[in-house]
Amino acid sequence: MSAVGQISDEIAASPLAIHGLTVSYDHRPVVHSVDFVVPPGSMTAIVGPNGAGKSSLLKAVLGITRRLTGDVRVFGQPFSEMTRHVAYVPQRSSVDWDFPATVIDVVIMGLFRDLRWWQITGRRQREQAMDSLARVGMETFADRQIGELSGGQQQRVFLARALTQQAELTILDEPFAGVDAATEKAIVEVLKRLREQGRTLLCVHHDLATVRDYFDHVLLLNVRRIAAGPVESVFTADHLQATYGGRLNQIQLARLVAPATVVSEDI
Amino acid sequence: MIEVWWSALTFTLGYNTSLVTIGAMLLGAGAGMIGTFVLLRKRSLVSDAISHATLPGLALAFIAAGLVQGDGRWLPGLLMGAAASAALGLWLVQLISARTRLGEDAAIGAVLSTFFSFGVVLITFIQSMNVTGQSGLTDYLVGSTAGMLASEAKLIAVCALGLLAAIFVLRRDFLMVCFDAPFAGTQGVSAWRVDLLMLTLLMAVVVIGLKVTGLILIVALTIIPPVTARFWTNRPLRMVVLAALLGALSAYLGVTLSSINEGLPTGSLIVLAAFGLFMVSFLLSPQRGAFATLLAHQRFRRRVHLRQGLLAVARDEPIFDGLTLRLLQRRGYIRRDGVATPAGHSAARDAEHEERLWALYRRRYPDDALHQEHSGLEPIARVLPPDAITALEALLQPRAGEPT
C-alpha cells in the first residue's frame, strides 16, 4: 500500500484495509496511525474505552469526518470508488426521530442510490424494504411513525435500511447500545446469518462481556492500535490491560478472558 | 366588489391578472416545497437572512439601471442584483459561523440587519436621484402585483417552473440529507453540496418572490405552508407536495383578494391567507390539531378508567368511581347492580394479562420502557415486535397458575 509498492494479496482480498489512518480534532489526534486489515467473512469488533476513537475511526473510514492522513481500501480499491460494497448503520442518536417519516420511508432510503431522478419509488422498492424489515422482525411496523418506536426498534429499522443494500461489508456503530435484550438477540442473529452468507461485519462494540460470544475477530483500540486478530489469541488479559489501563480490575479481567459461560437470566 | 373578486378567482379578470395569478401560484408552490426541506433541515431562519440581504443589491441594480436608461425599473436587472447581494450575505453567514465561535443564528442576525440597513440607506439616496420609478421600489418591500407587466409575470412564472423542476430532480438527495446527513454521505450524496443547492434554490424563491410578496414577507411563504402541511401528514414527500398546494392556494387567494382594490398589498394578503390555512389546520387536523388533542385526552382518560375498572373486576375489588361504573356498564361488562357479566370477566382477564406483560416489560427493560411513547394501556402487541412478546409470554408462563 506504500506509494511505490504493490498491493498485497491480503489487502486485495480484504473488504476493508486501513493503513496509517490518523484523525484529529484541533491538533489532538483521536485516532493515531492505525493499520488494520479486516479479514473477509469475519465478524470483527472494535473495542476500547470511551474516547478511544472507535466511532471516529469508522467515520473517517466512511468519509463522514475528514482524515488527516491514511489510506482506506475496499478490495484493494480506493474507498471512494467502492462505496456500493459498504453499508453503514449509524448510532441511533445521530438522527432526529421526530422527523415526519414512517418505518418503511426510512428503510426505502437505503435503495435511493439505485433510483434515477425520474423514477418513482414503487412496489418493487416497497417489497425489497418489507423483505429487510421481515429479517429484523419489524414487518408489522412498516407504516408506523418512527417517533413512536423504542430504542431497540429504531436500531432494527436502521439495520433493515442497511440490509436493503446487500453490501459485502456492513459497518455498525454501537448497534447494541441501549437496546432491549430481545433486540440484541435478534440483531446478533441477523449478523450471524450475514456472516454465514460470506458477508463481512465490522462493529464498534462496548460490552466486553459479549465479545467472545458474538465476534471472531477483534481490534483493540485506544487512539493507537493495541492489538488485532482472532478473538481467542488477541482478547487476552495483557492486551485488555494495555487497552483499558487501570479501568479494569483483576477480577473483571479474569472473568472476561475465561471461556464464555451461559448465565441463565432470572426475572 | 364581490363580482371583481369572483372574476379574479375564475381567471376572467383579463389576461394580465390571470398571468400574475398563475405566476404567483407557481411561486407559492416552489416556496412551499423548498421551505419544507429547509424546515426539515432545521434552517428556516436562513431564508430570513437571504431575503433581507437582497435589499442592497436591489437598490444598487436600480441605481445602475437608472444611470444607464433613466428608469431603474428593469425587473431582470433588479432580480440579478438582488440575487448577487443575497449570495454575498449567505456566504458571509457561512463564513462567520464556520470561522468564529458564533452560531449560525447569531451570524444570521448580524448579516440580516447590516445588509438591510445598507439597503435602506441606498433607497433613501435613490429618492433624491433624478430618475423615474423611485416610488415603485417600495413595492419590493411588501409586494404589489397591481400594474405588473405581462412580461414580468411571465418571467416570474418561468423561473418558478424551473425551480419546481429542480426541486423534483433533487427531492431524494434533499430528503436523505435532511433525515440523516452522515448516511447520505456514505451513499455518495455530499451534505455540503446538497446544502448549497438547497440554499441556492431558496435564494431563487426569495428573489423571484420579491415583486409578488416583497422581501419582508417572502419568509412567511417558505415557513407557514410547510408548518401547516405538517399538521396533515407524517410522510416526508407528501408533506412537500402538500406544502406546495398550500403555498399555491395562499398565493391564489392573496392575489385575487388584492385585485378587489388596487391599494391592497398583495404580499400581506398572501401571508394572511397562508395564516388562515394554518389556523384551520391547527384547530381541525385529525392527528395534531387542537380539537383532536383535546378529544384524545378525553379518550385517554376513559381508557384509564376502563382499565382500572376491569382490573378491579379481576381482583374482585369494589368500584366507587361514577365514570368507571358508567363506562363498564355501557360496554356490558357489569350489570346495573354492579355485578360483573361473563363478558366483563373475560375482558377483565385479558386486561390483567396485558397488565402483567406490561409490568414484566417495565421490570426487565426499565430504560427501554422509559423511552417508549406509550401509555401502557394500549395492547402491548402494538408496541413491541412479535419476538419480544413471545419472550415475555414465555417468562410469564410458569407463573400463570400462581396467585398474584
# chains A, B, ... in the order shown; residues from 1 in each chain; ligands from 1
$ select_by_dssp --residues "stretch 54-139 of chain A" --states "strand (DSSP E)" --output "PyMOL selection string"
chain A and resi 69-74+77-78+86-89
$ closest_atom_pairs --of "chain B" --to "chain A" --cutoff "8 Å" --atoms "only C-alpha atoms" --output "tab-separated table"
residue	atom	partner	partner_atom	distance
B:Leu40	CA	A:Phe99	CA	7.4
B:Phe168	CA	A:Trp117	CA	7.9
B:Val169	CA	A:Trp117	CA	5.3
B:Leu170	CA	A:Trp117	CA	7.3
B:Arg172	CA	A:Phe112	CA	7.0
B:Met176	CA	A:Met109	CA	6.9
B:Phe179	CA	A:Val95	CA	6.6
B:Asp180	CA	A:Val95	CA	5.9
B:Pro182	CA	A:Ile64	CA	5.9
B:Phe183	CA	A:Tyr88	CA	7.1
B:Gly185	CA	A:Ile64	CA	6.3
B:Thr186	CA	A:Leu62	CA	6.2
B:Gln187	CA	A:Arg113	CA	6.5
B:Gly188	CA	A:Thr83	CA	7.5
B:Arg230	CA	A:Pro100	CA	7.8
B:Thr233	CA	A:Pro100	CA	7.6
B:Asn234	CA	A:Pro100	CA	4.5
B:Arg235	CA	A:Ala101	CA	4.6
B:Pro236	CA	A:Pro100	CA	5.5
B:Arg364	CA	A:Ile267	CA	7.0
B:Tyr365	CA	A:Asp180	CA	6.3
B:Asp367	CA	A:Gly178	CA	7.7
B:Asp368	CA	A:Ser150	CA	6.5
B:Ala369	CA	A:Ser150	CA	7.8
B:His371	CA	A:Ser150	CA	6.4
B:Gln372	CA	A:Ser150	CA	5.1
B:Glu373	CA	A:Glu148	CA	5.5
B:His374	CA	A:Glu148	CA	7.9
B:Val383	CA	A:Leu149	CA	7.7
B:Pro385	CA	A:Met138	CA	6.3
B:Pro386	CA	A:Gly137	CA	7.3
B:Asp387	CA	A:Gly137	CA	7.2
B:Ala388	CA	A:Ala182	CA	5.5
B:Ala391	CA	A:Ala182	CA	7.4
B:Leu395	CA	A:Ile267	CA	7.8
$ residues_around --residues "stretch 71-78 of chain B" --least-positions-apart "2" --cutoff "12 Å" --atoms "only C-alpha atoms" --output "PyMOL selection string"
chain B and resi 54-69+80-85+123+126-127+129-140+148-156+159+207-212
$ residues_around --residues "B:Asn261" --least-positions-apart "4" --cutoff "10 Å" --atoms "only C-alpha atoms" --output "list in words"
Met1, Val4, Trp5, Ala146, Thr256, Leu257 and Pro265 of chain B
$ residues_around --residues "A:Arg225" --least-positions-apart "6" --cutoff "12 Å" --atoms "only C-alpha atoms" --output "PyMOL selection string"
chain A and resi 18-22+30-37+46-48+52-54+57+218-219+239-240+242-243
$ atom_distance --atom1 "atom CA of B:Tyr361" --atom2 "atom CA of B:Leu392"
7.2 Å
$ closest_residue --among "A:Asn249, A:Gln128, A:Thr121, A:Ser14" --to "A:Gln165" --atoms "only C-alpha atoms"
A:Gln128
$ select_by_dssp --residues "stretch 71-203 of chain A" --states "helix (DSSP H, G or I)" --output "PyMOL selection string"
chain A and resi 79-81+83-85+92-94+103-114+123-135+139-141+146-148+151-163+181-196
$ write_last_selection --atoms "C-alpha atoms" --output "compact mmCIF listing (two decimals), in the first residue's frame"
# COMPACT_ATOMS: atom_id res chain seq x y z
CA PHE A 79 -12.84 3.53 -0.75
CA SER A 80 -14.48 6.34 -2.74
CA GLU A 81 -14.83 4.06 -5.79
CA THR A 83 -18.96 2.77 -1.64
CA ARG A 84 -21.55 0.39 -3.12
CA HIS A 85 -19.90 -2.53 -1.36
CA ARG A 92 -29.41 5.75 16.75
CA SER A 93 -28.83 9.09 18.42
CA SER A 94 -27.43 10.59 15.22
CA VAL A 103 -40.62 2.99 9.17
CA ILE A 104 -40.85 1.99 5.50
CA ASP A 105 -39.85 5.51 4.40
CA VAL A 106 -36.58 5.17 6.31
CA VAL A 107 -35.83 1.67 5.01
CA ILE A 108 -36.50 2.69 1.41
CA MET A 109 -33.84 5.39 1.77
CA GLY A 110 -31.35 2.53 1.57
CA LEU A 111 -32.48 2.00 -2.04
CA PHE A 112 -32.33 5.63 -3.15
CA ARG A 113 -28.88 5.33 -4.72
CA ASP A 114 -30.22 2.82 -7.25
CA ARG A 123 -43.95 -1.64 -5.44
CA ARG A 124 -40.53 -3.17 -6.11
CA GLN A 125 -38.81 -0.89 -3.61
CA ARG A 126 -41.59 -1.46 -1.11
CA GLU A 127 -41.25 -5.23 -1.44
CA GLN A 128 -37.48 -5.08 -1.02
CA ALA A 129 -37.88 -2.89 2.05
CA MET A 130 -40.54 -5.19 3.52
CA ASP A 131 -38.19 -8.10 2.98
CA SER A 132 -35.48 -6.38 5.01
CA LEU A 133 -37.98 -5.42 7.71
CA ALA A 134 -39.11 -9.05 7.96
CA ARG A 135 -35.50 -10.12 8.53
CA GLU A 139 -42.67 -6.12 9.14
CA THR A 140 -45.77 -5.32 11.17
CA PHE A 141 -44.30 -1.88 11.95
CA ILE A 146 -40.69 6.49 13.51
CA GLY A 147 -41.22 8.77 16.52
CA GLU A 148 -43.30 6.03 18.17
CA GLY A 151 -34.71 2.38 21.05
CA GLY A 152 -34.43 -1.25 20.08
CA GLN A 153 -36.97 -0.83 17.29
CA GLN A 154 -35.12 2.22 15.96
CA GLN A 155 -31.96 0.13 15.83
CA ARG A 156 -33.77 -2.63 13.94
CA VAL A 157 -35.03 -0.10 11.40
CA PHE A 158 -31.52 1.21 10.81
CA LEU A 159 -30.29 -2.35 10.36
CA ALA A 160 -33.10 -3.04 7.87
CA ARG A 161 -32.08 0.03 5.88
CA ALA A 162 -28.53 -1.34 5.65
CA LEU A 163 -29.80 -4.82 4.70
CA ALA A 181 -32.35 -7.98 25.21
CA ALA A 182 -34.77 -9.33 22.58
CA THR A 183 -33.48 -6.81 20.05
CA GLU A 184 -29.86 -7.59 20.88
CA LYS A 185 -30.58 -11.26 20.24
CA ALA A 186 -32.44 -10.52 17.01
CA ILE A 187 -29.63 -8.30 15.70
CA VAL A 188 -26.95 -10.86 16.53
CA GLU A 189 -28.98 -13.50 14.67
CA VAL A 190 -29.21 -11.30 11.58
CA LEU A 191 -25.48 -10.51 11.70
CA LYS A 192 -24.50 -14.16 12.12
CA ARG A 193 -26.69 -15.13 9.18
CA LEU A 194 -24.95 -12.49 7.06
CA ARG A 195 -21.59 -13.97 8.03
CA GLU A 196 -22.82 -17.44 7.04
$ residues_around --residues "A:Ile11" --least-positions-apart "5" --cutoff "8 Å" --atoms "only C-alpha atoms" --output "PyMOL selection string"
chain A and resi 16-17+37+73+75-76
$ closest_residue --among "B:Leu122, B:Ile22, B:Leu196, B:Ala29" --to "B:Gln94" --atoms "only C-alpha atoms"
B:Leu196
$ closest_residue --among "B:Ile167, B:Ala312, B:Leu396, B:Leu295" --to "B:Ala244" --atoms "only C-alpha atoms"
B:Ile167
$ atom_distance --atom1 "atom CA of B:Val206" --atom2 "atom CA of B:Ser47"
7.7 Å
$ residues_around --residues "A:Thr44" --least-positions-apart "6" --cutoff "8 Å" --atoms "only C-alpha atoms" --output "PyMOL selection string"
chain A and resi 38+201-203+215-219
$ write_last_selection --atoms "all heavy atoms" --output "compact mmCIF listing (two decimals), in the first residue's frame"
# COMPACT_ATOMS: atom_id res chain seq x y z
N VAL A 38 -9.29 -5.98 7.72
CA VAL A 38 -10.44 -6.78 8.14
C VAL A 38 -10.48 -8.06 7.31
O VAL A 38 -10.54 -8.00 6.09
CB VAL A 38 -11.76 -5.99 7.93
CG1 VAL A 38 -12.95 -6.84 8.33
CG2 VAL A 38 -11.73 -4.69 8.72
N LEU A 201 -18.60 -8.25 8.62
CA LEU A 201 -19.22 -7.29 9.53
C LEU A 201 -18.15 -6.65 10.42
O LEU A 201 -17.28 -7.34 10.94
CB LEU A 201 -20.26 -8.00 10.39
CG LEU A 201 -21.36 -8.59 9.53
CD1 LEU A 201 -21.71 -9.97 9.97
CD2 LEU A 201 -22.55 -7.68 9.50
N LEU A 202 -18.25 -5.33 10.56
CA LEU A 202 -17.33 -4.60 11.41
C LEU A 202 -18.18 -3.74 12.35
O LEU A 202 -19.05 -3.01 11.90
CB LEU A 202 -16.41 -3.71 10.56
CG LEU A 202 -15.42 -2.84 11.31
CD1 LEU A 202 -14.42 -3.70 12.06
CD2 LEU A 202 -14.67 -1.93 10.33
N CYS A 203 -17.90 -3.85 13.63
CA CYS A 203 -18.85 -3.37 14.61
C CYS A 203 -18.13 -2.68 15.77
O CYS A 203 -17.27 -3.31 16.40
CB CYS A 203 -19.54 -4.64 15.12
SG CYS A 203 -21.10 -4.41 15.83
N PHE A 215 -18.30 -12.31 18.37
CA PHE A 215 -17.32 -11.96 17.34
C PHE A 215 -16.23 -13.01 17.20
O PHE A 215 -15.93 -13.75 18.14
CB PHE A 215 -16.69 -10.61 17.66
CG PHE A 215 -17.69 -9.49 17.69
CD1 PHE A 215 -18.24 -9.07 18.89
CD2 PHE A 215 -18.12 -8.89 16.51
CE1 PHE A 215 -19.19 -8.06 18.92
CE2 PHE A 215 -19.07 -7.89 16.53
CZ PHE A 215 -19.61 -7.47 17.74
N ASP A 216 -15.61 -13.05 15.98
CA ASP A 216 -14.48 -13.96 15.80
C ASP A 216 -13.16 -13.19 15.71
O ASP A 216 -12.11 -13.75 15.96
CB ASP A 216 -14.70 -14.84 14.57
CG ASP A 216 -15.13 -14.07 13.34
OD1 ASP A 216 -14.57 -12.99 13.11
OD2 ASP A 216 -16.05 -14.53 12.63
N HIS A 217 -13.23 -11.91 15.33
CA HIS A 217 -12.01 -11.10 15.30
C HIS A 217 -12.24 -9.83 16.12
O HIS A 217 -13.37 -9.40 16.31
CB HIS A 217 -11.63 -10.73 13.87
CG HIS A 217 -11.00 -11.85 13.13
ND1 HIS A 217 -11.69 -12.98 12.75
CD2 HIS A 217 -9.72 -12.04 12.70
CE1 HIS A 217 -10.88 -13.82 12.12
NE2 HIS A 217 -9.67 -13.26 12.08
N VAL A 218 -11.13 -9.24 16.56
CA VAL A 218 -11.26 -8.05 17.38
C VAL A 218 -10.09 -7.10 17.12
O VAL A 218 -8.96 -7.53 16.84
CB VAL A 218 -11.35 -8.42 18.89
CG1 VAL A 218 -10.07 -9.07 19.37
CG2 VAL A 218 -11.69 -7.21 19.74
N LEU A 219 -10.42 -5.80 17.13
CA LEU A 219 -9.38 -4.77 17.10
C LEU A 219 -9.47 -4.03 18.42
O LEU A 219 -10.50 -3.44 18.74
CB LEU A 219 -9.62 -3.80 15.93
CG LEU A 219 -8.87 -2.46 15.99
CD1 LEU A 219 -7.37 -2.67 15.87
CD2 LEU A 219 -9.34 -1.52 14.88
$ decode --residues "stretch 184-258 of chain A" --atoms "C-alpha atoms" --output "PDB file, in the first residue's frame"
ATOM      1  CA  GLU A 184     -29.862  -7.595  20.880  1.00  0.00           C
ATOM      2  CA  LYS A 185     -30.579 -11.260  20.244  1.00  0.00           C
ATOM      3  CA  ALA A 186     -32.442 -10.516  17.010  1.00  0.00           C
ATOM      4  CA  ILE A 187     -29.634  -8.295  15.697  1.00  0.00           C
ATOM      5  CA  VAL A 188     -26.955 -10.860  16.535  1.00  0.00           C
ATOM      6  CA  GLU A 189     -28.977 -13.498  14.674  1.00  0.00           C
ATOM      7  CA  VAL A 190     -29.211 -11.304  11.583  1.00  0.00           C
ATOM      8  CA  LEU A 191     -25.485 -10.514  11.695  1.00  0.00           C
ATOM      9  CA  LYS A 192     -24.501 -14.161  12.125  1.00  0.00           C
ATOM     10  CA  ARG A 193     -26.687 -15.133   9.180  1.00  0.00           C
ATOM     11  CA  LEU A 194     -24.948 -12.490   7.064  1.00  0.00           C
ATOM     12  CA  ARG A 195     -21.587 -13.973   8.029  1.00  0.00           C
ATOM     13  CA  GLU A 196     -22.824 -17.439   7.040  1.00  0.00           C
ATOM     14  CA  GLN A 197     -23.526 -15.967   3.600  1.00  0.00           C
ATOM     15  CA  GLY A 198     -19.880 -14.872   3.415  1.00  0.00           C
ATOM     16  CA  ARG A 199     -20.516 -11.207   4.192  1.00  0.00           C
ATOM     17  CA  THR A 200     -18.169  -9.235   6.443  1.00  0.00           C
ATOM     18  CA  LEU A 201     -19.217  -7.288   9.533  1.00  0.00           C
ATOM     19  CA  LEU A 202     -17.329  -4.602  11.411  1.00  0.00           C
ATOM     20  CA  CYS A 203     -18.849  -3.372  14.614  1.00  0.00           C
ATOM     21  CA  VAL A 204     -17.959  -0.837  17.296  1.00  0.00           C
ATOM     22  CA  HIS A 205     -18.806  -2.725  20.464  1.00  0.00           C
ATOM     23  CA  HIS A 206     -18.895  -1.523  24.055  1.00  0.00           C
ATOM     24  CA  ASP A 207     -19.819  -4.620  26.024  1.00  0.00           C
ATOM     25  CA  LEU A 208     -16.676  -6.610  26.782  1.00  0.00           C
ATOM     26  CA  ALA A 209     -18.688  -9.480  28.260  1.00  0.00           C
ATOM     27  CA  THR A 210     -20.225 -10.444  24.907  1.00  0.00           C
ATOM     28  CA  VAL A 211     -17.177 -10.055  22.648  1.00  0.00           C
ATOM     29  CA  ARG A 212     -16.376 -13.788  22.835  1.00  0.00           C
ATOM     30  CA  ASP A 213     -19.984 -14.806  22.117  1.00  0.00           C
ATOM     31  CA  TYR A 214     -20.605 -12.547  19.150  1.00  0.00           C
ATOM     32  CA  PHE A 215     -17.319 -11.963  17.337  1.00  0.00           C
ATOM     33  CA  ASP A 216     -14.480 -13.956  15.795  1.00  0.00           C
ATOM     34  CA  HIS A 217     -12.013 -11.098  15.301  1.00  0.00           C
ATOM     35  CA  VAL A 218     -11.259  -8.047  17.380  1.00  0.00           C
ATOM     36  CA  LEU A 219      -9.378  -4.772  17.100  1.00  0.00           C
ATOM     37  CA  LEU A 220      -8.351  -3.359  20.475  1.00  0.00           C
ATOM     38  CA  LEU A 221      -8.078   0.376  20.097  1.00  0.00           C
ATOM     39  CA  ASN A 222      -7.047   3.220  22.335  1.00  0.00           C
ATOM     40  CA  VAL A 223      -6.174   6.015  19.937  1.00  0.00           C
ATOM     41  CA  ARG A 224      -3.464   3.663  18.701  1.00  0.00           C
ATOM     42  CA  ARG A 225      -3.865   0.070  17.688  1.00  0.00           C
ATOM     43  CA  ILE A 226      -3.142  -2.080  20.754  1.00  0.00           C
ATOM     44  CA  ALA A 227      -3.713  -5.466  19.183  1.00  0.00           C
ATOM     45  CA  ALA A 228      -5.760  -7.101  16.439  1.00  0.00           C
ATOM     46  CA  GLY A 229      -6.558 -10.596  15.268  1.00  0.00           C
ATOM     47  CA  PRO A 230      -8.679 -13.628  16.158  1.00  0.00           C
ATOM     48  CA  VAL A 231     -10.554 -13.262  19.447  1.00  0.00           C
ATOM     49  CA  GLU A 232      -9.001 -16.384  21.040  1.00  0.00           C
ATOM     50  CA  SER A 233      -5.442 -15.134  20.606  1.00  0.00           C
ATOM     51  CA  VAL A 234      -5.927 -11.369  20.961  1.00  0.00           C
ATOM     52  CA  PHE A 235      -8.661 -10.950  23.576  1.00  0.00           C
ATOM     53  CA  THR A 236      -6.257 -11.631  26.464  1.00  0.00           C
ATOM     54  CA  ALA A 237      -5.771 -10.142  29.902  1.00  0.00           C
ATOM     55  CA  ASP A 238      -2.496  -8.475  28.874  1.00  0.00           C
ATOM     56  CA  HIS A 239      -3.996  -6.814  25.818  1.00  0.00           C
ATOM     57  CA  LEU A 240      -7.117  -5.684  27.661  1.00  0.00           C
ATOM     58  CA  GLN A 241      -4.944  -4.245  30.415  1.00  0.00           C
ATOM     59  CA  ALA A 242      -2.952  -2.376  27.788  1.00  0.00           C
ATOM     60  CA  THR A 243      -6.150  -1.049  26.218  1.00  0.00           C
ATOM     61  CA  TYR A 244      -8.070  -0.072  29.302  1.00  0.00           C
ATOM     62  CA  GLY A 245      -5.242   0.624  31.759  1.00  0.00           C
ATOM     63  CA  GLY A 246      -6.459   0.813  35.324  1.00  0.00           C
ATOM     64  CA  ARG A 247     -10.110   0.905  34.310  1.00  0.00           C
ATOM     65  CA  LEU A 248     -10.432  -2.873  34.605  1.00  0.00           C
ATOM     66  CA  ASN A 249      -9.550  -4.693  37.805  1.00  0.00           C
ATOM     67  CA  GLN A 250      -8.080  -8.185  38.014  1.00  0.00           C
ATOM     68  CA  ILE A 251     -11.386  -9.874  38.798  1.00  0.00           C
ATOM     69  CA  GLN A 252     -13.108  -8.286  35.824  1.00  0.00           C
ATOM     70  CA  LEU A 253     -10.211  -9.263  33.586  1.00  0.00           C
ATOM     71  CA  ALA A 254     -10.207 -12.859  34.772  1.00  0.00           C
ATOM     72  CA  ARG A 255     -13.928 -13.144  34.137  1.00  0.00           C
ATOM     73  CA  LEU A 256     -13.716 -11.631  30.637  1.00  0.00           C
ATOM     74  CA  VAL A 257     -10.865 -13.776  29.473  1.00  0.00           C
ATOM     75  CA  ALA A 258     -12.366 -17.022  30.783  1.00  0.00           C
TER      76      ALA A 258
END
